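Q: Let me give you the structure first, and then I'll get to my questions.
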Amino acid sequence: MRYRSLTVEQLELPLVEPFETSFGVELRRQFLLVSVESSEGLAGWGECVATRDPLYNEESTASAWAFVQENVVPRWRRRPPTSVDRVRELMRPFRGNRMAKSAIEQAALDLEARASRRPLSSWLGGRRRRIEVGVSVGIQSTPTALARRVGAYLEEGYRRIKVKVMPGWDARPLAAVRRAYPAIELWVDANQGYPPTAVTSIRAWAERYEVRQVEQPFPERALAAHAALARHASFRVCLDESVVDADSLEGAIRLRAVQSLNVKAGRVGGPLEGIALARQATRSGAVAWVGGMLESGIGRAHSVALASHPVFSLPGDISASRRYYREEILERPFVLNADGTLDVPTGAGIGVELDRRAHRRAVRRRRTYALAP
Ligand code: OSB
Ligand code: MG
């Protein structure tokens with residue numbers, strides 16, 4: 001592959017409704033798209049899931065843009081890579097900045113697959129033609145409002161429901177959901193919102209309301225608290241923010257702090273690392289599944305390709321486009337099938353195309369960096 005240029009764009013898309021978690025409320029999503037162009041004029045696309053403010057992790061749209069411009073592009077020009085593997089090698093010495101690295105790796109993967117006229121899904125080793133998906137439901141104004149939201153998503157066909165919880169928003173809202181829907185597959189995600197002293201109370205409400213999975217209740221470094229919660233529990237403890245690489249996953253496995261791994265390409269530095277970590281998790285007896293960051297269509301298409309891989313075995317946080325955005329930036333939005341699945345695109349690369357007008361409306365800034373003369 002001969003790479004000609006790399007383009008970074010900052011976009012802004014209003015969400016259908018505010019998304020509230022233990023770390024804040026998002027009303028509109030600010031994110032970056034990265035594209036890399038080959039000397040033949042083909043382009044591959046990736047999405048950087050860092051948000052405007054560094055609340056989920058330490059990255060932000062501004063830090064990601066600066067990393068690409070000040071670190072990746074200069075090094076790329078000094079020693080031009082010729083394949084996805086070389087692109088990964090070129091970024092490897094740089095610490096952190098995983099969401100920015102992931103966007104670049106995604107763009108290079110999409111380009112590579114497009115150039116070989118193959119779906120990225122099969123390029124990654126994916127087998128599924130449809131993937132099972134669930135929905136992640138933000139904090140609502142009242143337990144009744146939450147039960148109503150959950151009911152609407154079940155009506156649409158989602159396979160499982162993940163409810164965002166935090167101290168003060170747990171037992172009562174879960175009771176309301178369980179009372180209304182006694183048989184659904186119910187998960188919760190706290191985004192590190194609880195102190196390690198909350199082990200006993202979390203166990204009590206999770207068992208009482210038959211929660212199948214509790215995601216990241218404690219701070220990312222508090223692995224011992226996650227292990228304590230997992231001991232003799234009737235539910236899986238799932239890690240998200242705690243796991244960013246093989247070492248952090250190994251530590252969690254040793255402590256028995258992880259029975260389920262939420263894999264987000266952005267959090268771990270790219271889709272290929274995501275597959276490697278999912279393998280590592282499954283070797284330890286844990287399950288792995290693909291999480292989400294309220295992606296636009298580009299990031300969603302990458303998540304769908306990733307989730308088509310057989311190493312993932314639970315429904316992903318990969319909902320239909322309309323669950324997030326009124327206007328998708330793709331020509332064809334992702335639509336939920338009646339059986340709670342999304343189709344894996346069959347076209348080359350990520351298999352989706354930007355809707356040029358919707359895309360243009362969402363772009364706030366753009367800059368192209370030449371990579372070769
Ligand atoms: O913790 O999984 C999370 C969204 C933003 C930041 C963190 C998380 C989430 C979600 C949404 O749960 C998942 C989705 O994209 O549907
Ligand atoms: Mg999470």
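Identifiers in this document derive from the order of the structure tokens: chains are assigned A, B, ..., residues are numbered from 1 separately in each chain, and ligands are numbered from 1 in order of occurrence.
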Tell me which protein, DNA and RNA residues are within 12 Å of A:Arg148, counting only C-alpha atoms, leaving out same-chain ones fewer than 5 positions away, and put them as a ChimeraX atom specification.
A: /A:137,140-143,153-155,173,176-181
Q: With all heavy atoms kept, could you save the residues just selected as a CSV table (one decimal), in the first residue's frame?
A:
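Now in result21.csv:
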```csv
chain,number,residue,atom,x,y,z
A,137,VAL,N,-29.1,1.9,28.2
A,137,VAL,CA,-30.0,2.9,28.5
A,137,VAL,C,-29.5,3.9,29.5
A,137,VAL,O,-29.2,3.5,30.6
A,137,VAL,CB,-31.4,2.3,28.9
A,137,VAL,CG1,-32.5,3.4,29.0
A,137,VAL,CG2,-31.8,1.2,28.0
A,140,GLN,N,-32.4,8.0,33.6
A,140,GLN,CA,-33.6,8.7,33.3
A,140,GLN,C,-34.1,9.5,34.5
A,140,GLN,O,-33.6,9.4,35.6
A,140,GLN,CB,-34.7,7.7,32.9
A,140,GLN,CG,-34.3,6.7,31.8
A,140,GLN,CD,-34.1,7.4,30.4
A,140,GLN,OE1,-35.0,8.1,30.0
A,140,GLN,NE2,-33.0,7.1,29.7
A,141,SER,N,-35.2,10.3,34.3
A,141,SER,CA,-35.7,11.2,35.3
A,141,SER,C,-36.4,10.4,36.5
A,141,SER,O,-36.2,10.8,37.7
A,141,SER,CB,-36.7,12.2,34.8
A,141,SER,OG,-37.7,11.5,34.1
A,142,THR,N,-37.1,9.3,36.2
A,142,THR,CA,-37.7,8.5,37.2
A,142,THR,C,-37.7,7.0,36.8
A,142,THR,O,-37.5,6.7,35.7
A,142,THR,CB,-39.2,8.9,37.3
A,142,THR,OG1,-39.9,8.6,36.0
A,142,THR,CG2,-39.5,10.4,37.6
A,143,PRO,N,-37.9,6.1,37.8
A,143,PRO,CA,-37.9,4.7,37.5
A,143,PRO,C,-39.0,4.4,36.5
A,143,PRO,O,-38.8,3.5,35.6
A,143,PRO,CB,-38.2,4.1,38.9
A,143,PRO,CG,-37.6,5.0,39.9
A,143,PRO,CD,-37.8,6.4,39.3
A,153,TYR,N,-37.6,-0.1,23.8
A,153,TYR,CA,-36.5,-0.8,23.1
A,153,TYR,C,-36.8,-2.3,22.9
A,153,TYR,O,-36.5,-2.9,21.9
A,153,TYR,CB,-35.2,-0.6,23.9
A,153,TYR,CG,-34.7,0.8,23.9
A,153,TYR,CD1,-34.3,1.4,25.0
A,153,TYR,CD2,-34.5,1.4,22.6
A,153,TYR,CE1,-33.7,2.7,25.0
A,153,TYR,CE2,-34.0,2.7,22.6
A,153,TYR,CZ,-33.6,3.3,23.8
A,153,TYR,OH,-33.1,4.6,23.7
A,154,LEU,N,-37.5,-2.9,23.9
A,154,LEU,CA,-37.8,-4.3,23.8
A,154,LEU,C,-38.8,-4.5,22.6
A,154,LEU,O,-38.7,-5.5,21.9
A,154,LEU,CB,-38.5,-4.8,25.1
A,154,LEU,CG,-37.5,-4.9,26.3
A,154,LEU,CD1,-38.3,-5.2,27.6
A,154,LEU,CD2,-36.5,-6.0,26.1
A,155,GLU,N,-39.7,-3.6,22.5
A,155,GLU,CA,-40.7,-3.6,21.4
A,155,GLU,C,-40.0,-3.6,20.1
A,155,GLU,O,-40.4,-4.3,19.1
A,155,GLU,CB,-41.6,-2.3,21.6
A,155,GLU,CG,-42.8,-2.3,20.7
A,155,GLU,CD,-43.9,-3.1,21.3
A,155,GLU,OE1,-43.9,-3.4,22.6
A,155,GLU,OE2,-44.8,-3.6,20.6
A,173,PRO,N,-34.8,2.0,40.3
A,173,PRO,CA,-35.1,1.8,38.9
A,173,PRO,C,-35.0,0.4,38.4
A,173,PRO,O,-35.8,0.0,37.6
A,173,PRO,CB,-33.9,2.7,38.3
A,173,PRO,CG,-33.0,3.1,39.4
A,173,PRO,CD,-33.8,3.0,40.7
A,176,ALA,N,-38.2,-1.3,39.2
A,176,ALA,CA,-39.3,-0.9,38.2
A,176,ALA,C,-39.2,-1.7,36.9
A,176,ALA,O,-40.2,-2.2,36.4
A,176,ALA,CB,-39.2,0.6,38.0
A,177,VAL,N,-37.9,-1.9,36.4
A,177,VAL,CA,-37.7,-2.6,35.2
A,177,VAL,C,-38.0,-4.1,35.4
A,177,VAL,O,-38.7,-4.7,34.5
A,177,VAL,CB,-36.2,-2.4,34.7
A,177,VAL,CG1,-35.9,-3.3,33.5
A,177,VAL,CG2,-36.0,-0.9,34.3
A,178,ARG,N,-37.6,-4.6,36.5
A,178,ARG,CA,-37.8,-6.1,36.7
A,178,ARG,C,-39.3,-6.4,36.9
A,178,ARG,O,-39.8,-7.4,36.4
A,178,ARG,CB,-37.1,-6.5,38.0
A,178,ARG,CG,-36.4,-7.8,38.0
A,178,ARG,CD,-36.4,-8.7,36.8
A,178,ARG,NE,-35.1,-9.2,36.4
A,178,ARG,CZ,-34.7,-9.6,35.2
A,178,ARG,NH1,-35.6,-9.5,34.2
A,178,ARG,NH2,-33.5,-10.0,35.0
A,179,ARG,N,-40.0,-5.5,37.6
A,179,ARG,CA,-41.5,-5.7,37.8
A,179,ARG,C,-42.2,-5.7,36.4
A,179,ARG,O,-43.0,-6.5,36.2
A,179,ARG,CB,-42.0,-4.6,38.7
A,179,ARG,CG,-43.4,-5.0,39.3
A,179,ARG,CD,-43.9,-3.9,40.3
A,179,ARG,NE,-42.8,-3.4,41.2
A,179,ARG,CZ,-42.5,-2.1,41.3
A,179,ARG,NH1,-43.1,-1.2,40.6
A,179,ARG,NH2,-41.6,-1.7,42.2
A,180,ALA,N,-41.8,-4.7,35.6
A,180,ALA,CA,-42.5,-4.6,34.3
A,180,ALA,C,-42.1,-5.8,33.3
A,180,ALA,O,-42.9,-6.2,32.5
A,180,ALA,CB,-42.2,-3.3,33.7
A,181,TYR,N,-40.8,-6.2,33.4
A,181,TYR,CA,-40.3,-7.2,32.5
A,181,TYR,C,-39.5,-8.3,33.2
A,181,TYR,O,-38.3,-8.3,33.3
A,181,TYR,CB,-39.4,-6.5,31.4
A,181,TYR,CG,-40.1,-5.4,30.7
A,181,TYR,CD1,-39.9,-4.1,31.1
A,181,TYR,CD2,-41.1,-5.7,29.8
A,181,TYR,CE1,-40.6,-3.1,30.5
A,181,TYR,CE2,-41.8,-4.6,29.2
A,181,TYR,CZ,-41.5,-3.3,29.6
A,181,TYR,OH,-42.3,-2.3,29.0
```
Q: Counting only C-alpha atoms and all ligand atoms, which residues of chain A sit at most 9 Å from some atom of ligand 1, and what is each one's closest atom pair with its distance in Å to one decimal, listed by chain and rising residue number, as a tab-separated table?
A:
```
residue	atom	partner	partner_atom_place_in_ligand_line	distance
A:Phe19	CA	ligand 1	4 (C)	7.9
A:Glu20	CA	ligand 1	4 (C)	8.9
A:Thr21	CA	ligand 1	6 (C)	7.9
A:Phe23	CA	ligand 1	6 (C)	8.9
A:Glu26	CA	ligand 1	5 (C)	8.7
A:Val49	CA	ligand 1	5 (C)	8.7
A:Thr51	CA	ligand 1	6 (C)	8.8
A:Leu55	CA	ligand 1	6 (C)	8.7
A:Tyr56	CA	ligand 1	6 (C)	6.0
A:Gly134	CA	ligand 1	16 (O)	8.0
A:Val135	CA	ligand 1	16 (O)	5.8
A:Ser136	CA	ligand 1	16 (O)	5.1
A:Val137	CA	ligand 1	12 (O)	7.5
A:Gly138	CA	ligand 1	12 (O)	7.8
A:Lys162	CA	ligand 1	12 (O)	7.7
A:Val163	CA	ligand 1	12 (O)	8.5
A:Lys164	CA	ligand 1	12 (O)	7.3
A:Asp189	CA	ligand 1	1 (O)	6.5
A:Ala190	CA	ligand 1	1 (O)	7.5
A:Asn191	CA	ligand 1	1 (O)	5.4
A:Gln192	CA	ligand 1	1 (O)	9.0
A:Glu215	CA	ligand 1	1 (O)	8.0
A:Gln216	CA	ligand 1	1 (O)	7.9
A:Asp240	CA	ligand 1	1 (O)	6.6
A:Glu241	CA	ligand 1	1 (O)	7.5
A:Asn262	CA	ligand 1	2 (O)	7.6
A:Lys264	CA	ligand 1	2 (O)	8.5
A:Gly291	CA	ligand 1	2 (O)	5.8
A:Gly292	CA	ligand 1	15 (O)	3.4
A:Met293	CA	ligand 1	15 (O)	4.0
A:Leu294	CA	ligand 1	15 (O)	3.5
A:Glu295	CA	ligand 1	15 (O)	6.0
A:Arg300	CA	ligand 1	15 (O)	8.5
A:Gly316	CA	ligand 1	16 (O)	8.3
A:Asp317	CA	ligand 1	16 (O)	4.5
A:Ile318	CA	ligand 1	16 (O)	5.4
A:Ser319	CA	ligand 1	16 (O)	5.8
A:Ala320	CA	ligand 1	16 (O)	9.0
A:Arg323	CA	ligand 1	16 (O)	8.3
A:Tyr324	CA	ligand 1	16 (O)	7.9
```
Q: I need the residues from that last selection saved to file as a tab-separated table (two decimals), in the first residue's frame (with N, CA and C atoms), if you can.
A:
```tsv
chain	number	residue	atom	x	y	z
A	19	PHE	N	-27.79	11.51	26.80
A	19	PHE	CA	-27.30	10.23	27.33
A	19	PHE	C	-26.58	10.51	28.63
A	20	GLU	N	-27.20	10.09	29.75
A	20	GLU	CA	-26.61	10.38	31.06
A	20	GLU	C	-26.02	9.13	31.69
A	21	THR	N	-24.79	9.30	32.20
A	21	THR	CA	-24.10	8.22	32.92
A	21	THR	C	-23.58	8.78	34.23
A	23	PHE	N	-20.77	9.67	34.86
A	23	PHE	CA	-19.77	10.73	34.66
A	23	PHE	C	-20.29	11.96	33.92
A	26	GLU	N	-24.41	13.71	27.97
A	26	GLU	CA	-24.02	14.12	26.62
A	26	GLU	C	-25.27	14.48	25.84
A	49	VAL	N	-13.29	7.84	19.06
A	49	VAL	CA	-14.42	7.93	19.98
A	49	VAL	C	-14.16	8.81	21.20
A	51	THR	N	-14.26	11.99	23.45
A	51	THR	CA	-15.31	13.01	23.53
A	51	THR	C	-14.69	14.40	23.70
A	55	LEU	N	-13.82	12.63	30.03
A	55	LEU	CA	-14.59	12.14	31.17
A	55	LEU	C	-14.59	10.62	31.27
A	56	TYR	N	-14.68	9.94	30.14
A	56	TYR	CA	-14.67	8.47	30.16
A	56	TYR	C	-13.25	7.97	30.40
A	134	GLY	N	-27.71	-5.34	21.71
A	134	GLY	CA	-28.56	-4.88	22.81
A	134	GLY	C	-28.56	-3.36	22.81
A	135	VAL	N	-29.08	-2.80	23.90
A	135	VAL	CA	-29.10	-1.35	23.99
A	135	VAL	C	-28.68	-0.94	25.39
A	136	SER	N	-27.97	0.17	25.45
A	136	SER	CA	-27.49	0.74	26.70
A	136	SER	C	-28.36	1.95	27.02
A	137	VAL	N	-29.06	1.91	28.15
A	137	VAL	CA	-30.05	2.95	28.46
A	137	VAL	C	-29.51	3.89	29.54
A	138	GLY	N	-29.42	5.15	29.21
A	138	GLY	CA	-28.89	6.17	30.13
A	138	GLY	C	-29.81	6.40	31.32
A	162	LYS	N	-29.06	-2.97	28.90
A	162	LYS	CA	-28.04	-2.55	29.86
A	162	LYS	C	-28.48	-1.21	30.42
A	163	VAL	N	-28.62	-1.16	31.75
A	163	VAL	CA	-29.09	0.05	32.41
A	163	VAL	C	-27.90	0.73	33.08
A	164	LYS	N	-27.75	2.02	32.83
A	164	LYS	CA	-26.71	2.78	33.50
A	164	LYS	C	-27.15	3.02	34.94
A	189	ASP	N	-24.36	-1.00	34.13
A	189	ASP	CA	-23.02	-0.42	33.93
A	189	ASP	C	-22.94	0.84	34.78
A	190	ALA	N	-21.91	0.92	35.66
A	190	ALA	CA	-21.80	2.06	36.58
A	190	ALA	C	-20.70	3.04	36.20
A	191	ASN	N	-19.91	2.74	35.17
A	191	ASN	CA	-18.81	3.64	34.78
A	191	ASN	C	-18.00	4.13	35.98
A	192	GLN	N	-17.60	3.21	36.83
A	192	GLN	CA	-16.70	3.50	37.97
A	192	GLN	C	-17.35	4.33	39.07
A	215	GLU	N	-21.21	-4.16	35.12
A	215	GLU	CA	-20.06	-3.62	34.40
A	215	GLU	C	-19.42	-2.46	35.16
A	216	GLN	N	-18.12	-2.58	35.36
A	216	GLN	CA	-17.26	-1.50	35.88
A	216	GLN	C	-17.92	-0.68	37.00
A	240	ASP	N	-14.64	-2.72	31.81
A	240	ASP	CA	-14.59	-1.83	30.65
A	240	ASP	C	-13.34	-0.96	30.84
A	241	GLU	N	-13.47	0.17	31.56
A	241	GLU	CA	-12.37	1.13	31.72
A	241	GLU	C	-11.08	0.52	32.29
A	262	ASN	N	-15.79	-6.08	28.15
A	262	ASN	CA	-16.36	-5.16	27.17
A	262	ASN	C	-15.18	-4.71	26.30
A	264	LYS	N	-13.82	-2.39	23.42
A	264	LYS	CA	-14.03	-1.23	22.55
A	264	LYS	C	-12.70	-0.99	21.86
A	291	GLY	N	-18.39	-3.44	22.95
A	291	GLY	CA	-19.08	-2.31	23.55
A	291	GLY	C	-19.24	-1.16	22.58
A	292	GLY	N	-19.73	-0.04	23.07
A	292	GLY	CA	-19.98	1.10	22.20
A	292	GLY	C	-19.66	2.41	22.87
A	293	MET	N	-19.50	3.46	22.08
A	293	MET	CA	-19.23	4.81	22.56
A	293	MET	C	-20.13	5.80	21.82
A	294	LEU	N	-21.37	5.40	21.56
A	294	LEU	CA	-22.32	6.26	20.83
A	294	LEU	C	-21.76	6.66	19.47
A	295	GLU	N	-21.12	5.73	18.79
A	295	GLU	CA	-20.46	6.02	17.52
A	295	GLU	C	-21.40	6.52	16.44
A	300	ARG	N	-19.64	2.76	14.00
A	300	ARG	CA	-20.61	1.66	14.13
A	300	ARG	C	-20.28	0.55	13.14
A	316	GLY	N	-23.75	-7.13	21.50
A	316	GLY	CA	-22.97	-5.91	21.67
A	316	GLY	C	-23.80	-4.67	22.00
A	317	ASP	N	-23.10	-3.63	22.49
A	317	ASP	CA	-23.71	-2.29	22.64
A	317	ASP	C	-23.63	-1.60	21.29
A	318	ILE	N	-24.32	-2.18	20.31
A	318	ILE	CA	-24.23	-1.66	18.94
A	318	ILE	C	-25.67	-1.56	18.44
A	319	SER	N	-26.30	-0.45	18.77
A	319	SER	CA	-27.72	-0.33	18.43
A	319	SER	C	-27.88	0.26	17.03
A	320	ALA	N	-29.14	0.31	16.58
A	320	ALA	CA	-29.43	0.88	15.26
A	320	ALA	C	-29.12	2.38	15.26
A	323	ARG	N	-31.32	4.92	17.18
A	323	ARG	CA	-31.30	4.96	18.64
A	323	ARG	C	-30.41	6.11	19.13
A	324	TYR	N	-29.48	6.53	18.26
A	324	TYR	CA	-28.54	7.58	18.65
A	324	TYR	C	-28.79	8.92	17.96
```
Q: Excluding same-chain residues fewer than 5 positions from A:Ala278, what lies within 8 Å of it counting only C-alpha atoms, as a VMD selection string?
A: chain A and resid 261 263 287 to 289 311 to 312
Q: What's the 9 Å shell around stretch 346-348 of chain A, counting only C-alpha atoms, without same-chain residues fewer than 4 positions away, as an MDAnalysis selection string?
A: chainID A and resid 110 113:121 129 352
Q: Taking 4 positions as the minimum chain separation for residues in the same chain, which residues sit within 6 Å of A:Ala286 when counting only C-alpha atoms? Answer as a list in words.
A: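 In the requested form, the answer reads Gln259, Ser260, Ala281 and Thr282 of chain A.
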Q: Filtering to N, CA, C and O atoms, could you give me those residues as an mmCIF file, in the first residue's frame?
A:
```cif
data_model
loop_
_atom_site.group_PDB
_atom_site.id
_atom_site.type_symbol
_atom_site.label_atom_id
_atom_site.label_comp_id
_atom_site.auth_asym_id
_atom_site.auth_seq_id
_atom_site.Cartn_x
_atom_site.Cartn_y
_atom_site.Cartn_z
ATOM 1 N N GLN A 259 -15.128 -11.633 34.596
ATOM 2 C CA GLN A 259 -15.783 -12.787 33.954
ATOM 3 C C GLN A 259 -16.323 -12.408 32.584
ATOM 4 O O GLN A 259 -16.778 -13.261 31.821
ATOM 5 N N SER A 260 -16.282 -11.119 32.285
ATOM 6 C CA SER A 260 -16.788 -10.635 31.008
ATOM 7 C C SER A 260 -15.962 -9.409 30.633
ATOM 8 O O SER A 260 -15.636 -8.591 31.490
ATOM 9 N N ALA A 281 -9.030 -13.024 27.091
ATOM 10 C CA ALA A 281 -10.126 -13.138 28.062
ATOM 11 C C ALA A 281 -10.789 -14.509 27.966
ATOM 12 O O ALA A 281 -11.006 -15.176 28.980
ATOM 13 N N THR A 282 -11.065 -14.959 26.750
ATOM 14 C CA THR A 282 -11.781 -16.241 26.602
ATOM 15 C C THR A 282 -10.897 -17.413 27.038
ATOM 16 O O THR A 282 -11.401 -18.384 27.581
#
```
